[in-house]
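S.K.: Have a look at this one.
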Protein chains: 2
Amino acid sequence: MSARDEFDDLCQEKRPKDSVRTITDLAGIAGVSAGTVSRALANSSLVKARTRDRIQALAREYGFRPNQMASNLRRQKTGVVGVAIPLGHDRHQQVSDSFFMTLLGHLADELTDKGFDLMLRRVIPDRDEDWLDKFIGSGMIDGLIVIGQSDQFDRLEDVADGYRAMVVWGNHREGQRHCVVGTDNRLGGRLAAERLIADGAKAIAFLGDTGPIEFGARFAGAQEAAQRLGVPIKAFPTHLSRDVMQGEVARYLPGLIKDYDGIFAATDTIGVAVLHQLAKMGVHLPDQVRLVGFDDLPIASQTNPPLTTIRQDIRAGAQSMVDLLLRRIAGHTSESVVMPPQLILRGTA
Amino acid sequence: MSARDEFDDLCQEKRPKDSVRTITDLAGIAGVSAGTVSRALANSSLVKARTRDRIQALAREYGFRPNQMASNLRRQKTGVVGVAIPLGHDRHQQVSDSFFMTLLGHLADELTDKGFDLMLRRVIPDRDEDWLDKFIGSGMIDGLIVIGQSDQFDRLEDVADGYRAMVVWGNHREGQRHCVVGTDNRLGGRLAAERLIADGAKAIAFLGDTGPIEFGARFAGAQEAAQRLGVPIKAFPTHLSRDVMQGEVARYLPGLIKDYDGIFAATDTIGVAVLHQLAKMGVHLPDQVRLVGFDDLPIASQTNPPLTTIRQDIRAGAQSMVDLLLRRIAGHTSESVVMPPQLILRGTA
DNA sequence: CTGAAAGCGCTAACAA
DNA sequence: TTGTTAGCGCTTTCAG
């Protein structure tokens, strides 16, 4: 065993992995200052290539990794984007709702690509009035994405002036101050109703809660088209929580199909439940009843018959949200984005 | 206007909201030291109730919120749990989308309840060998949940000794060192095959990739049962990425149903695709072909006919993972949890 | 009960 | 090209 090897062993002995916890520890081993290590690890061109490589090799060898929190504190940024999901009164498992999750998946992809981490928080506004300020003021995030306005439109407006780095998924209202990305829900509703009527519907039932602003707009659009075309329309309040919703759908439908031959489901998840109940009842689509959903979730193409629906481009939406947010984090401004919905003709209308 | 009001206004003037950014700023206003403010905001009983209330009122008034990162750095903990999703080759999901999303939803609920935030990271092990150490060593998380072992079993084992605060969703192997929560996949596979055979199947096709350890175990269990009962069985490799999978299923089935009258789908998502394709082909279940899925995702009960499947209790799994992780974060040890699968009889077998 | 002081681990002027 | 130094904003002894 050479002297060199012995020396190395000695070092190993004296410096087990665990003892190299800070940049200063590593500096001691490398025989340089903490500043140099910091620069080397950041690939700064200020440090000589040879020492940089040596230090990086050492870091690998000892499994050293600089403490992010200290770095964050010092640099006053985190590399983390917050994603908040406000749950309304309907607080049961909205977070596992397919739409949110699909959107979340795309957001995660986009943010990861851009080098950001994603901090997820499920909030219950009713239980904690202060959720927005808390998240923003936590110092843990550089920017915030809010998925769904729920009933928090006003609070979002309040915050928008003071805090720029926020983008919300939801419905756009003329003159609003918070930056929003979303589909033109009103237009989507119109397309749905027009399709149902074109397919022969003489009376339309809207299944969904018209309270949340997005759904309200969908209903409003459908109502507008229906009135214009002289077709009656009525809303049947429906929750999003799967179990509750299935019960409601099962209760509504038997009576409903006596008076209505066109159904506009506020979301595909409701649409799927309707489809299932209709199958149970032996009702045939699209001759006896027509059905149009909303979202074009993956599942919509896999039902039997496949669901005619209004497509929201969730992926494009996620990309827009991230783009706008990063621009805002960088200190620039950005307008809201309203995406056009698209009628996807399949087997139910 | 009273003198008091004037005084307040003066203060407002001199101290606009934005100027109160640190605990020291607030201390200046309150006329106490930073330490006292810190204690007051933490509801410490060391500080006199009256001053505590006064300081908290002031904090509310100025919208002050202590910087988490500084607090984290000082206390050496973050209140954040990392959730990592390893994606396999080509970014094709190892864990099916819906399954993962359902699990994530429950994890978010559980962690939020316990006062933890959730930091989500999708990782591509092939592209970044170092993903695990990076996440753990980032200093941003108190503990780590990994969803799906993918092909990272060995790396997880390597890490398990040095890092206790990690819990993995996946398959349990005798004597493994990393803490895992999951279903007994082998038993699940056996239940599926036994059901298919009991329902009259004379030859079984397994649709799924046997590479990932969870799916491998499902196939192994089915194989064991089939061999014991003298029924031939064969695996047809199937990806989880929805588009790819649908193509594969569409290609397999026409030939497949000539030789096989029992289908075991490695996941419900594959099962739904099979159902869809079968409907297209006009094949009737369960007389001509029997089908059993795996997971019991919400969608399984909503297909037509509803899907017979092997249930994993995802919610209980999420709860276990969080429980075990918190125990480990607190410095205790904890064993792995293997949950029993359950056959859910519905319309396809 | 409160204040003063010493850092948590890192980065970025500013010097050398 | 590198070292030195001064904090980022907070918590927590240790004295009073």
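Starting from 1 in every chain, residues are counted up; chains themselves are A, B, ... following the order of the structure tokens, and ligands are numbered from 1 as listed.
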Taking only C-alpha atoms (C1' of nucleotides) into account, what are the residues of chain B at most 12 Å from chain C, put as number ranges by chain?
M.R.: B: 27, 31-40, 44-52, 69-77, 139
S.K.: Which residues of chain B are close to chain A, meaning at most 6 Å apart when you count only C-alpha atoms, and how do they look as a ChimeraX atom specification?
M.R.: /B:65,67-69,73,102,105,118-120,137-139,302
S.K.: So that I can see what lies close to Asp261 of chain A, please list as a list in words the residues with an atom at most 6 Å from it, counting only C-alpha atoms (C1' of nucleotides) and leaving out residues fewer than 3 positions away in the same chain.
M.R.: Ala201, Ala203 and Val289 of chain A
S.K.: Select from chain D every residue with an atom at most 10 Å from any atom of chain A, then for each give the shortest pair of atoms and their distance in Å to one decimal, using only C-alpha atoms (C1' of nucleotides), rows by chain and rising number, as a Markdown table.
M.R.:
| residue | atom | partner | partner_atom | distance |
| --- | --- | --- | --- | --- |
| D:DT1 | C1' | A:Val47 | CA | 6.1 |
| D:DT2 | C1' | A:Thr36 | CA | 6.8 |
| D:DG3 | C1' | A:Ser33 | CA | 6.3 |
| D:DT4 | C1' | A:Gly35 | CA | 9.1 |
| D:DG7 | C1' | A:Arg74 | CA | 8.5 |
| D:DC8 | C1' | A:Arg74 | CA | 4.3 |
| D:DG9 | C1' | A:Leu73 | CA | 7.9 |
S.K.: Considering only C-alpha atoms, can you say which of B:Leu229, B:Leu58, B:Ile213, B:Ile270 comes closest to Gly247 of chain B?
M.R.: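 Of all the options, B:Ile270 lies closest to Gly247 of chain B.
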S.K.: Just list as a PyMOL selection string whatever in segment 64-307 of chain B DSSP marks as helix (DSSP H, G or I).
M.R.: chain B and resi 68-75+89-91+97-113+131-137+153-162+185-198+213-228+242-259+268-281+298-302
S.K.: Between atom CA of Ser336 of chain B and atom CA of Asp161 of chain B, what distance in Å does the model show, to one decimal?
M.R.: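 Atom-to-atom, atom CA of Ser336 of chain B and atom CA of Asp161 of chain B are spaced 14.5 Å apart.
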S.K.: Can you pull out every residue from segment 100-278 of chain A that DSSP, working from the backbone, puts in strand (DSSP E), and format the result as a ChimeraX atom specification?
M.R.: /A:117-123,143-147,166-169,180-183,204-207,233-236,262-265
S.K.: One number please: atom CA of Thr308 of chain B to atom CA of Ile147 of chain B, in Å, one decimal.
M.R.: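 So the answer is 25.0 Å.
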